[in-house]
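Everything below belongs to coords-v5.txt, which stores compact mmCIF, C-alpha atoms.
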# COMPACT_ATOMS: atom_id res chain seq x y z
CA MET A 1453 0.77 45.15 17.44
CA ASN A 1454 1.07 42.17 15.11
CA THR A 1455 2.39 43.31 11.73
CA ALA A 1456 2.90 39.81 10.29
CA THR A 1457 1.87 39.58 6.66
CA VAL A 1458 -1.30 37.60 6.07
CA LYS A 1459 -0.47 35.21 3.27
CA THR A 1460 -2.93 34.66 0.42
CA ASP A 1461 -4.14 31.14 -0.28
CA ILE A 1462 -2.62 30.91 -3.76
CA ARG A 1463 -5.12 28.32 -4.99
CA SER A 1464 -7.99 30.70 -4.27
CA LEU A 1465 -6.77 32.83 -7.19
CA THR A 1466 -7.76 32.42 -10.82
CA LEU A 1467 -4.97 32.36 -13.37
CA ASN A 1468 -5.74 35.98 -14.35
CA ALA A 1469 -5.64 37.09 -10.70
CA LEU A 1470 -2.36 35.24 -10.19
CA GLN A 1471 -0.88 36.92 -13.27
CA ASP A 1472 -1.89 40.31 -11.83
CA GLN A 1473 -0.16 39.44 -8.55
CA PHE A 1474 3.00 38.43 -10.43
CA THR A 1475 3.00 41.70 -12.38
CA GLN A 1476 2.76 43.60 -9.08
CA MET A 1477 5.77 41.62 -7.81
CA GLY A 1478 7.74 42.59 -10.91
CA GLU A 1479 7.55 39.08 -12.41
CA LYS A 1480 6.67 38.04 -15.96
CA GLY A 1481 3.09 36.87 -16.52
CA PHE A 1482 4.17 33.56 -18.02
CA ARG A 1483 5.72 32.64 -14.66
CA ALA A 1484 2.23 32.71 -13.18
CA LYS A 1485 1.15 30.15 -15.79
CA GLN A 1486 4.04 27.90 -14.76
CA VAL A 1487 3.12 28.15 -11.07
CA TYR A 1488 -0.56 27.57 -11.87
CA GLU A 1489 0.38 24.40 -13.71
CA TRP A 1490 2.40 23.20 -10.71
CA LEU A 1491 -0.55 23.84 -8.41
CA TRP A 1492 -3.30 22.17 -10.43
CA LYS A 1493 -1.91 19.93 -13.17
CA LYS A 1494 1.00 18.58 -11.12
CA SER A 1495 -0.84 18.81 -7.76
CA CYS A 1496 2.17 20.39 -6.09
CA PHE A 1497 1.87 21.12 -2.36
CA SER A 1498 5.20 22.96 -1.90
CA PHE A 1499 6.81 25.94 -3.62
CA ASP A 1500 10.22 24.28 -3.21
CA GLU A 1501 9.16 21.53 -5.63
CA MET A 1502 8.60 24.02 -8.48
CA SER A 1503 11.88 23.22 -10.22
CA ASN A 1504 11.51 25.34 -13.36
CA ILE A 1505 11.25 28.67 -11.53
CA SER A 1506 14.09 30.52 -9.84
CA LYS A 1507 14.98 30.18 -6.17
CA GLU A 1508 14.37 33.92 -5.82
CA LEU A 1509 10.79 33.58 -7.10
CA ARG A 1510 10.17 30.54 -4.92
CA THR A 1511 11.25 32.66 -1.93
CA LYS A 1512 8.85 35.45 -2.97
CA LEU A 1513 6.03 32.93 -3.26
CA GLU A 1514 6.81 31.55 0.19
CA GLN A 1515 6.74 35.08 1.65
CA ASN A 1516 3.42 36.10 0.06
CA PHE A 1517 1.37 32.96 -0.44
CA THR A 1518 0.40 29.73 1.22
CA ILE A 1519 -0.77 26.38 -0.14
CA ASN A 1520 -3.44 25.22 2.29
CA ASN A 1521 -3.14 21.61 1.27
CA VAL A 1522 -5.01 18.73 2.86
CA LYS A 1523 -2.99 16.05 4.66
CA ILE A 1524 -3.81 12.46 5.57
CA HIS A 1525 -4.32 12.30 9.34
CA THR A 1526 -5.03 8.58 9.71
CA SER A 1527 -5.77 5.68 7.34
CA GLN A 1528 -7.49 2.37 7.99
CA LEU A 1529 -7.46 -0.69 5.73
CA SER A 1530 -10.60 -2.83 5.57
CA GLY A 1531 -10.61 -6.58 5.10
CA ASP A 1532 -12.14 -5.96 1.64
CA LYS A 1533 -9.23 -3.61 0.72
CA THR A 1534 -11.24 -0.41 1.18
CA ILE A 1535 -9.11 2.39 2.68
CA LYS A 1536 -10.72 5.03 4.89
CA ASN A 1537 -8.84 8.26 5.53
CA SER A 1538 -9.35 11.06 7.94
CA PHE A 1539 -7.90 14.20 6.40
CA ILE A 1540 -6.72 17.21 8.39
CA LEU A 1541 -7.36 20.66 6.96
CA HIS A 1542 -5.24 23.79 7.39
CA ASP A 1543 -7.48 24.97 10.26
CA ASN A 1544 -7.28 21.56 12.01
CA HIS A 1545 -10.79 20.46 11.08
CA LEU A 1546 -11.08 16.79 10.15
CA ILE A 1547 -13.01 15.22 7.28
CA GLU A 1548 -13.14 11.70 5.84
CA GLY A 1549 -12.68 10.21 2.38
CA VAL A 1550 -12.58 6.64 1.14
CA LEU A 1551 -10.83 4.63 -1.58
CA ILE A 1552 -13.14 1.84 -2.77
CA PRO A 1553 -11.33 -0.69 -4.98
CA THR A 1554 -13.24 -3.29 -7.00
CA THR A 1555 -12.28 -5.45 -9.97
CA GLU A 1556 -14.00 -3.00 -12.35
CA ARG A 1557 -13.04 0.37 -10.91
CA MET A 1558 -11.13 2.48 -8.38
CA THR A 1559 -13.51 4.92 -6.75
CA ALA A 1560 -12.80 7.88 -4.49
CA CYS A 1561 -15.62 8.90 -2.15
CA VAL A 1562 -14.99 12.52 -1.15
CA SER A 1563 -16.52 14.97 1.32
CA SER A 1564 -17.85 18.43 0.49
CA GLN A 1565 -18.43 19.88 3.97
CA VAL A 1566 -16.99 19.62 7.47
CA GLY A 1567 -19.95 17.87 9.09
CA CYS A 1568 -23.46 18.35 7.69
CA SER A 1569 -26.41 20.68 8.28
CA LEU A 1570 -28.95 18.04 7.28
CA THR A 1571 -30.21 15.54 9.83
CA CYS A 1572 -30.88 12.32 7.91
CA LYS A 1573 -31.72 9.86 10.68
CA PHE A 1574 -29.76 6.91 9.29
CA CYS A 1575 -26.50 8.76 8.58
CA ALA A 1576 -23.67 9.22 11.10
CA THR A 1577 -22.58 12.51 9.50
CA GLY A 1578 -26.12 13.84 10.00
CA TYR A 1579 -25.54 13.72 13.76
CA MET A 1580 -22.52 16.04 13.45
CA GLU A 1581 -22.59 19.82 13.41
CA ARG A 1582 -21.73 21.50 10.11
CA LYS A 1583 -18.60 23.54 10.75
CA ARG A 1584 -18.00 24.95 7.27
CA ASN A 1585 -17.98 24.29 3.55
CA LEU A 1586 -14.88 22.86 1.93
CA ASN A 1587 -13.01 25.01 -0.56
CA PRO A 1588 -12.56 23.70 -4.13
CA ASP A 1589 -8.89 22.90 -3.49
CA GLU A 1590 -9.78 20.89 -0.36
CA ILE A 1591 -12.10 18.67 -2.40
CA TYR A 1592 -9.51 18.45 -5.18
CA ASP A 1593 -6.81 17.44 -2.68
CA GLN A 1594 -8.89 14.50 -1.45
CA VAL A 1595 -9.00 13.20 -5.02
CA VAL A 1596 -5.24 13.70 -5.46
CA LEU A 1597 -4.40 11.90 -2.21
CA ILE A 1598 -6.81 9.01 -2.82
CA ASP A 1599 -5.52 8.64 -6.39
CA LYS A 1600 -2.00 8.38 -4.98
CA GLN A 1601 -3.22 5.65 -2.58
CA ALA A 1602 -4.81 3.74 -5.46
CA ARG A 1603 -1.58 3.84 -7.46
CA GLU A 1604 0.64 2.92 -4.51
CA ASN A 1605 -1.55 0.16 -3.08
CA TYR A 1606 -3.25 -1.31 -6.15
CA ASN A 1607 -1.11 -0.09 -9.05
CA GLN A 1608 -4.13 1.57 -10.67
CA PRO A 1609 -5.27 5.18 -10.99
CA LEU A 1610 -8.68 6.38 -9.89
CA SER A 1611 -11.41 5.67 -12.41
CA ASN A 1612 -14.39 7.23 -10.61
CA ILE A 1613 -15.24 9.93 -8.06
CA VAL A 1614 -18.40 10.08 -5.98
CA TYR A 1615 -19.38 13.11 -3.90
CA MET A 1616 -20.99 10.89 -1.28
CA GLY A 1617 -18.83 11.62 1.74
CA MET A 1618 -19.52 14.08 4.54
CA GLY A 1619 -21.87 16.97 3.78
CA GLU A 1620 -24.52 17.91 1.22
CA PRO A 1621 -22.77 18.88 -2.05
CA LEU A 1622 -25.60 21.06 -3.33
CA LEU A 1623 -25.41 23.22 -0.19
CA ASN A 1624 -21.79 23.97 -1.17
CA TYR A 1625 -22.73 24.42 -4.81
CA ALA A 1626 -20.18 26.96 -6.05
CA ASN A 1627 -17.18 25.23 -4.47
CA VAL A 1628 -18.28 21.77 -5.60
CA MET A 1629 -18.68 23.03 -9.16
CA LYS A 1630 -15.24 24.70 -9.06
CA SER A 1631 -13.67 21.51 -7.74
CA ILE A 1632 -15.21 19.49 -10.58
CA GLU A 1633 -13.97 22.10 -13.06
CA LYS A 1634 -10.42 21.60 -11.76
CA ILE A 1635 -10.72 17.81 -11.69
CA THR A 1636 -12.00 17.64 -15.27
CA SER A 1637 -9.96 20.46 -16.80
CA GLU A 1638 -6.97 19.86 -19.05
CA ASP A 1639 -5.21 22.30 -16.73
CA GLY A 1640 -6.10 20.05 -13.79
CA LEU A 1641 -6.52 16.29 -13.42
CA ASN A 1642 -8.21 15.88 -16.83
CA MET A 1643 -10.73 13.28 -15.65
CA ALA A 1644 -13.91 12.71 -17.64
CA ALA A 1645 -17.02 14.33 -16.15
CA LYS A 1646 -18.98 11.13 -16.78
CA ARG A 1647 -16.72 9.43 -14.23
CA ILE A 1648 -18.01 11.78 -11.51
CA THR A 1649 -21.26 11.38 -9.54
CA VAL A 1650 -22.68 14.01 -7.21
CA SER A 1651 -25.14 12.66 -4.65
CA THR A 1652 -27.76 14.88 -3.04
CA ALA A 1653 -30.33 14.41 -0.31
CA GLY A 1654 -32.65 16.47 -2.52
CA ILE A 1655 -32.46 20.28 -2.76
CA ALA A 1656 -35.01 21.02 -5.50
CA LYS A 1657 -33.89 24.53 -6.48
CA MET A 1658 -30.25 23.45 -6.71
CA ILE A 1659 -31.16 20.43 -8.87
CA LYS A 1660 -32.78 22.93 -11.25
CA LYS A 1661 -29.58 25.00 -11.16
CA LEU A 1662 -27.63 21.89 -12.22
CA GLY A 1663 -29.95 21.78 -15.21
CA ASP A 1664 -29.42 25.46 -15.98
CA ASP A 1665 -25.66 24.89 -15.79
CA GLN A 1666 -26.05 21.88 -18.11
CA VAL A 1667 -23.65 19.78 -16.08
CA LYS A 1668 -21.95 16.78 -17.66
CA PHE A 1669 -21.39 14.72 -14.49
CA ASN A 1670 -23.88 12.21 -13.06
CA LEU A 1671 -26.55 13.03 -10.48
CA ALA A 1672 -27.72 10.65 -7.77
CA LEU A 1673 -30.65 11.32 -5.43
CA SER A 1674 -30.59 9.75 -1.99
CA LEU A 1675 -34.28 8.86 -1.95
CA HIS A 1676 -35.04 5.99 0.49
CA ALA A 1677 -38.82 6.48 0.31
CA ALA A 1678 -41.23 7.58 -2.41
CA ASN A 1679 -43.86 8.50 0.14
CA ASP A 1680 -43.72 11.98 1.71
CA GLU A 1681 -44.78 10.88 5.18
CA LYS A 1682 -42.10 8.20 5.38
CA ARG A 1683 -39.42 10.33 3.75
CA ASN A 1684 -40.14 13.23 6.14
CA THR A 1685 -39.34 10.86 9.02
CA ILE A 1686 -36.17 9.41 7.50
CA MET A 1687 -34.93 12.64 5.89
CA PRO A 1688 -36.34 15.87 7.39
CA ILE A 1689 -35.07 17.82 4.35
CA ASN A 1690 -38.13 16.38 2.56
CA GLU A 1691 -40.39 18.70 4.57
CA GLN A 1692 -39.07 21.64 2.52
CA ASN A 1693 -38.37 19.59 -0.64
CA SER A 1694 -41.39 17.33 -1.17
CA LEU A 1695 -41.37 14.46 -3.62
CA LYS A 1696 -43.47 16.52 -6.04
CA ALA A 1697 -40.97 19.39 -5.84
CA LEU A 1698 -38.12 16.95 -6.41
CA ALA A 1699 -39.90 15.27 -9.32
CA ASP A 1700 -40.50 18.65 -10.97
CA ALA A 1701 -36.86 19.66 -10.42
CA LEU A 1702 -35.57 16.35 -11.79
CA LYS A 1703 -37.76 16.60 -14.90
CA TYR A 1704 -36.43 20.12 -15.47
CA TYR A 1705 -32.85 18.85 -14.94
CA TYR A 1706 -33.36 16.02 -17.43
CA ALA A 1707 -34.93 18.33 -20.04
CA LYS A 1708 -31.83 20.55 -19.84
CA THR A 1709 -29.11 17.88 -19.65
CA LYS A 1710 -30.58 14.63 -21.03
CA ASN A 1711 -28.69 12.91 -18.19
CA PRO A 1712 -30.55 9.99 -16.54
CA VAL A 1713 -30.65 10.03 -12.73
CA THR A 1714 -29.71 7.37 -10.19
CA TYR A 1715 -31.95 6.86 -7.17
CA GLU A 1716 -30.24 5.50 -4.08
CA TYR A 1717 -32.57 3.47 -1.90
CA ILE A 1718 -31.68 1.81 1.40
CA ILE A 1719 -34.27 -0.77 2.42
CA PHE A 1720 -34.80 -0.47 6.19
CA ASP A 1721 -36.44 -3.35 8.00
CA GLY A 1722 -40.10 -2.56 8.77
CA VAL A 1723 -39.83 0.99 7.43
CA ASN A 1724 -39.75 1.07 3.61
CA ASP A 1725 -39.38 -2.60 2.69
CA ASN A 1726 -42.79 -3.80 1.50
CA ILE A 1727 -44.25 -4.11 -1.98
CA GLN A 1728 -46.37 -0.99 -1.49
CA ASP A 1729 -43.11 0.92 -1.02
CA ALA A 1730 -41.74 -0.68 -4.19
CA MET A 1731 -44.91 0.35 -6.07
CA GLU A 1732 -44.51 3.95 -4.90
CA LEU A 1733 -40.86 3.95 -5.95
CA ALA A 1734 -41.75 2.50 -9.35
CA ARG A 1735 -44.28 5.31 -9.89
CA PHE A 1736 -41.65 7.90 -8.96
CA CYS A 1737 -39.24 6.32 -11.44
CA LYS A 1738 -41.66 6.95 -14.31
CA HIS A 1739 -40.92 10.69 -14.28
CA LEU A 1740 -37.67 10.39 -16.27
CA PRO A 1741 -35.02 7.86 -17.38
CA CYS A 1742 -33.33 6.50 -14.28
CA LYS A 1743 -31.93 3.51 -12.47
CA VAL A 1744 -32.20 2.40 -8.85
CA ASN A 1745 -29.30 1.36 -6.66
CA ILE A 1746 -30.52 -0.59 -3.67
CA ILE A 1747 -27.89 -0.02 -1.02
CA GLU A 1748 -27.13 -2.23 1.93
CA TYR A 1749 -27.66 -0.36 5.21
CA ASN A 1750 -24.81 0.03 7.64
CA PRO A 1751 -26.03 0.42 11.22
CA ILE A 1752 -24.73 3.31 13.32
CA ALA A 1753 -24.74 3.82 17.08
CA PHE A 1754 -27.08 6.83 16.94
CA ALA A 1755 -29.97 5.13 15.13
CA SER A 1756 -32.09 2.00 15.54
CA TYR A 1757 -32.55 1.22 11.84
CA ILE A 1758 -31.50 -2.21 10.61
CA ASN A 1759 -31.16 -3.64 7.11
CA ALA A 1760 -34.17 -5.48 5.68
CA GLY A 1761 -33.88 -9.24 5.29
CA GLU A 1762 -32.42 -10.73 2.11
CA ASP A 1763 -35.80 -12.12 1.02
CA LYS A 1764 -37.46 -8.70 1.26
CA VAL A 1765 -34.63 -7.00 -0.58
CA GLU A 1766 -34.78 -9.57 -3.39
CA ALA A 1767 -38.58 -9.28 -3.65
CA PHE A 1768 -38.33 -5.47 -3.72
CA ALA A 1769 -35.71 -5.56 -6.49
CA ALA A 1770 -37.67 -8.18 -8.45
CA TYR A 1771 -40.79 -5.98 -8.41
CA LEU A 1772 -38.88 -2.98 -9.76
CA ARG A 1773 -37.29 -5.05 -12.51
CA LYS A 1774 -40.71 -6.36 -13.56
CA GLN A 1775 -41.70 -2.72 -14.04
CA GLY A 1776 -38.80 -2.31 -16.45
CA ILE A 1777 -36.63 -0.32 -14.03
CA ILE A 1778 -32.88 -0.94 -14.08
CA THR A 1779 -32.15 -2.07 -10.52
CA ASN A 1780 -28.78 -2.87 -8.97
CA LEU A 1781 -28.03 -4.35 -5.56
CA ARG A 1782 -25.01 -2.62 -4.04
CA ARG A 1783 -23.12 -4.46 -1.31
CA SER A 1784 -21.41 -2.22 1.20
CA ARG A 1785 -17.67 -2.10 1.44
CA GLY A 1786 -15.51 -1.01 4.34
CA LYS A 1787 -18.12 -1.80 7.01
CA ASP A 1788 -15.51 -3.18 9.41
CA ILE A 1789 -13.77 0.22 9.57
CA ASP A 1790 -16.93 2.40 9.49
CA ALA A 1791 -16.12 3.47 5.92
CA ALA A 1792 -19.36 2.31 4.32
CA CYS A 1793 -22.29 4.41 3.14
CA GLY A 1794 -23.76 6.47 5.98
CA GLN A 1795 -21.00 5.65 8.45
CA LEU A 1796 -18.59 8.55 7.94
CA ALA A 1797 -18.10 10.54 11.15
CA ILE A 1798 -15.01 11.85 12.83
CA LYS A 1799 -14.16 9.79 15.89
CA GLU A 1800 -10.64 10.96 16.71
CA LYS A 1801 -11.87 13.80 18.91
CA GLU A 1802 -14.18 11.43 20.75
CA LYS A 1803 -11.20 9.16 21.40
CA GLU A 1804 -9.13 12.10 22.62
CA GLN A 1805 -11.88 13.13 25.03
CA ALA A 1806 -12.08 9.59 26.36
CA LEU A 1807 -8.36 9.47 27.22

Target encoding structure tokens, full file:
Amino acid sequence: MNTATVKTDIRSLTLNALQDQFTQMGEKGFRAKQVYEWLWKKSCFSFDEMSNISKELRTKLEQNFTINNVKIHTSQLSGDKTIKNSFILHDNHLIEGVLIPTTERMTACVSSQVGCSLTCKFCATGYMERKRNLNPDEIYDQVVLIDKQARENYNQPLSNIVYMGMGEPLLNYANVMKSIEKITSEDGLNMAAKRITVSTAGIAKMIKKLGDDQVKFNLALSLHAANDEKRNTIMPINEQNSLKALADALKYYYAKTKNPVTYEYIIFDGVNDNIQDAMELARFCKHLPCKVNIIEYNPIAFASYINAGEDKVEAFAAYLRKQGIITNLRRSRGKDIDAACGQLAIKEKEKEQAL
């Protein structure tokens, strides 16, 4: 019979719960506060590094708790200086996260799930099975590790975080919210909420919950069509979350938060690239203050979509601007290492199987 002690993931505990544990171990409550600060404010991954607590207490911590920290598995550097990482989790699952450096900002693109349960036809992650949700500390660790990369490689800290990696953030709502709480807290990384953007494929009831929770971070909707028939084909999630349901949810969200919304729109050749599509998008934009980011498509092996021609993209953007809609053209970064939008998928296991 195995009598080995099952160690508690120490970062799963609130400060109050940790203080209770310390009391039970015969330790002073203020020691828990010191350890909590090491874990979250100083992003410490090892009890041995906690220099202001005794060796005896560090030994107790090692015996009773574990820090299930994320580690960098592999990193790739793009020709445009983007860095893509595969991260290994404590249970050997792999996820991906990206550092996107530009002249204006240093952005971390982080994942919220191992794989994805949605099946967006243009997205590599959508062809993976969803294994599990990420814990708050696993999302937090991606930010810490990518921030370290930004400082070491470009001598700048992170300025922005986007939840646009693997998974649907609003289907891991509680953990995503807890991760943002830690990232923005004075007891954590103390980043401004306005520097964070959560991107969703469109879960209407959870968008309303964001409104009820009066979130301070930015919301982006991965839209790609303002026509139900077309969006159903591109993004099957639309069959349960129609454009009307999304519009109603977004209006509710805006009434509660006063935060404008960003619509992400990839223009696929021959799919959603004509002026009629632009007219439908413009009508959808009238529901609440918003802007549109037109995103360059990055082809994947699983799908036959290709990016619309430059002339069509320019005409599409010009139409939206004439309607008074703020419209930005976003060029993809990291395409040469499959780090661009829609390309994140774990390939190491495929390589291992091929050997």

At a cut-off of 12 Å, using all atoms listed in the file, what residues contact Ile1686 of chain A? Leave out same-chain residues fewer than 6 positions from it and give the result as a ChimeraX atom specification. /A:1570-1575,1578,1653,1674-1680,1717-1720,1723-1724,1755-1757

So how many Å separate atom CA of Val1628 of chain A and atom CA of Leu1586 of chain A, to one decimal? 8.3 Å

Interatomic distance, atom CA of Ala1469 of chain A to atom CA of Asn1504 of chain A (Å, one decimal):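 Between these atoms lies a distance of 21.0 Å.
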
Atom CA of Asn1780 of chain A and atom CA of Asn1745 of chain A, how far apart in Å? 4.8 Å

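The protein and nucleic acid residues lying at most 12 Å from Lys1494 of chain A are Gln1486, Val1487, Tyr1488, Glu1501, Met1502, Ser1503, Asp1593, Val1596, Lys1634, Ile1635, Glu1638, Asp1639, Gly1640, Leu1641 and Asn1642 of chain A, with only C-alpha atoms considered and sequence neighbours fewer than 6 positions away removed.
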
Take the residues from that selection and put them in a file with C-alpha atoms, as a CSV table (one decimal), in the coordinates of the input.
chain,number,residue,atom,x,y,z
A,1486,GLN,CA,4.0,27.9,-14.8
A,1487,VAL,CA,3.1,28.2,-11.1
A,1488,TYR,CA,-0.6,27.6,-11.9
A,1501,GLU,CA,9.2,21.5,-5.6
A,1502,MET,CA,8.6,24.0,-8.5
A,1503,SER,CA,11.9,23.2,-10.2
A,1593,ASP,CA,-6.8,17.4,-2.7
A,1596,VAL,CA,-5.2,13.7,-5.5
A,1634,LYS,CA,-10.4,21.6,-11.8
A,1635,ILE,CA,-10.7,17.8,-11.7
A,1638,GLU,CA,-7.0,19.9,-19.0
A,1639,ASP,CA,-5.2,22.3,-16.7
A,1640,GLY,CA,-6.1,20.0,-13.8
A,1641,LEU,CA,-6.5,16.3,-13.4
A,1642,ASN,CA,-8.2,15.9,-16.8

Pick from A:Arg1735, A:Lys1523, A:Lys1743, A:His1545: nearest to Arg1582 of chain A, with only C-alpha atoms counted?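 Using only C-alpha atoms, Arg1582 of chain A sits closest to A:His1545.
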
Who sits within 9 Å of segment 1476-1481 of chain A, all atoms listed in the file, same chain under 6 positions skipped, as a count of residues only: 3
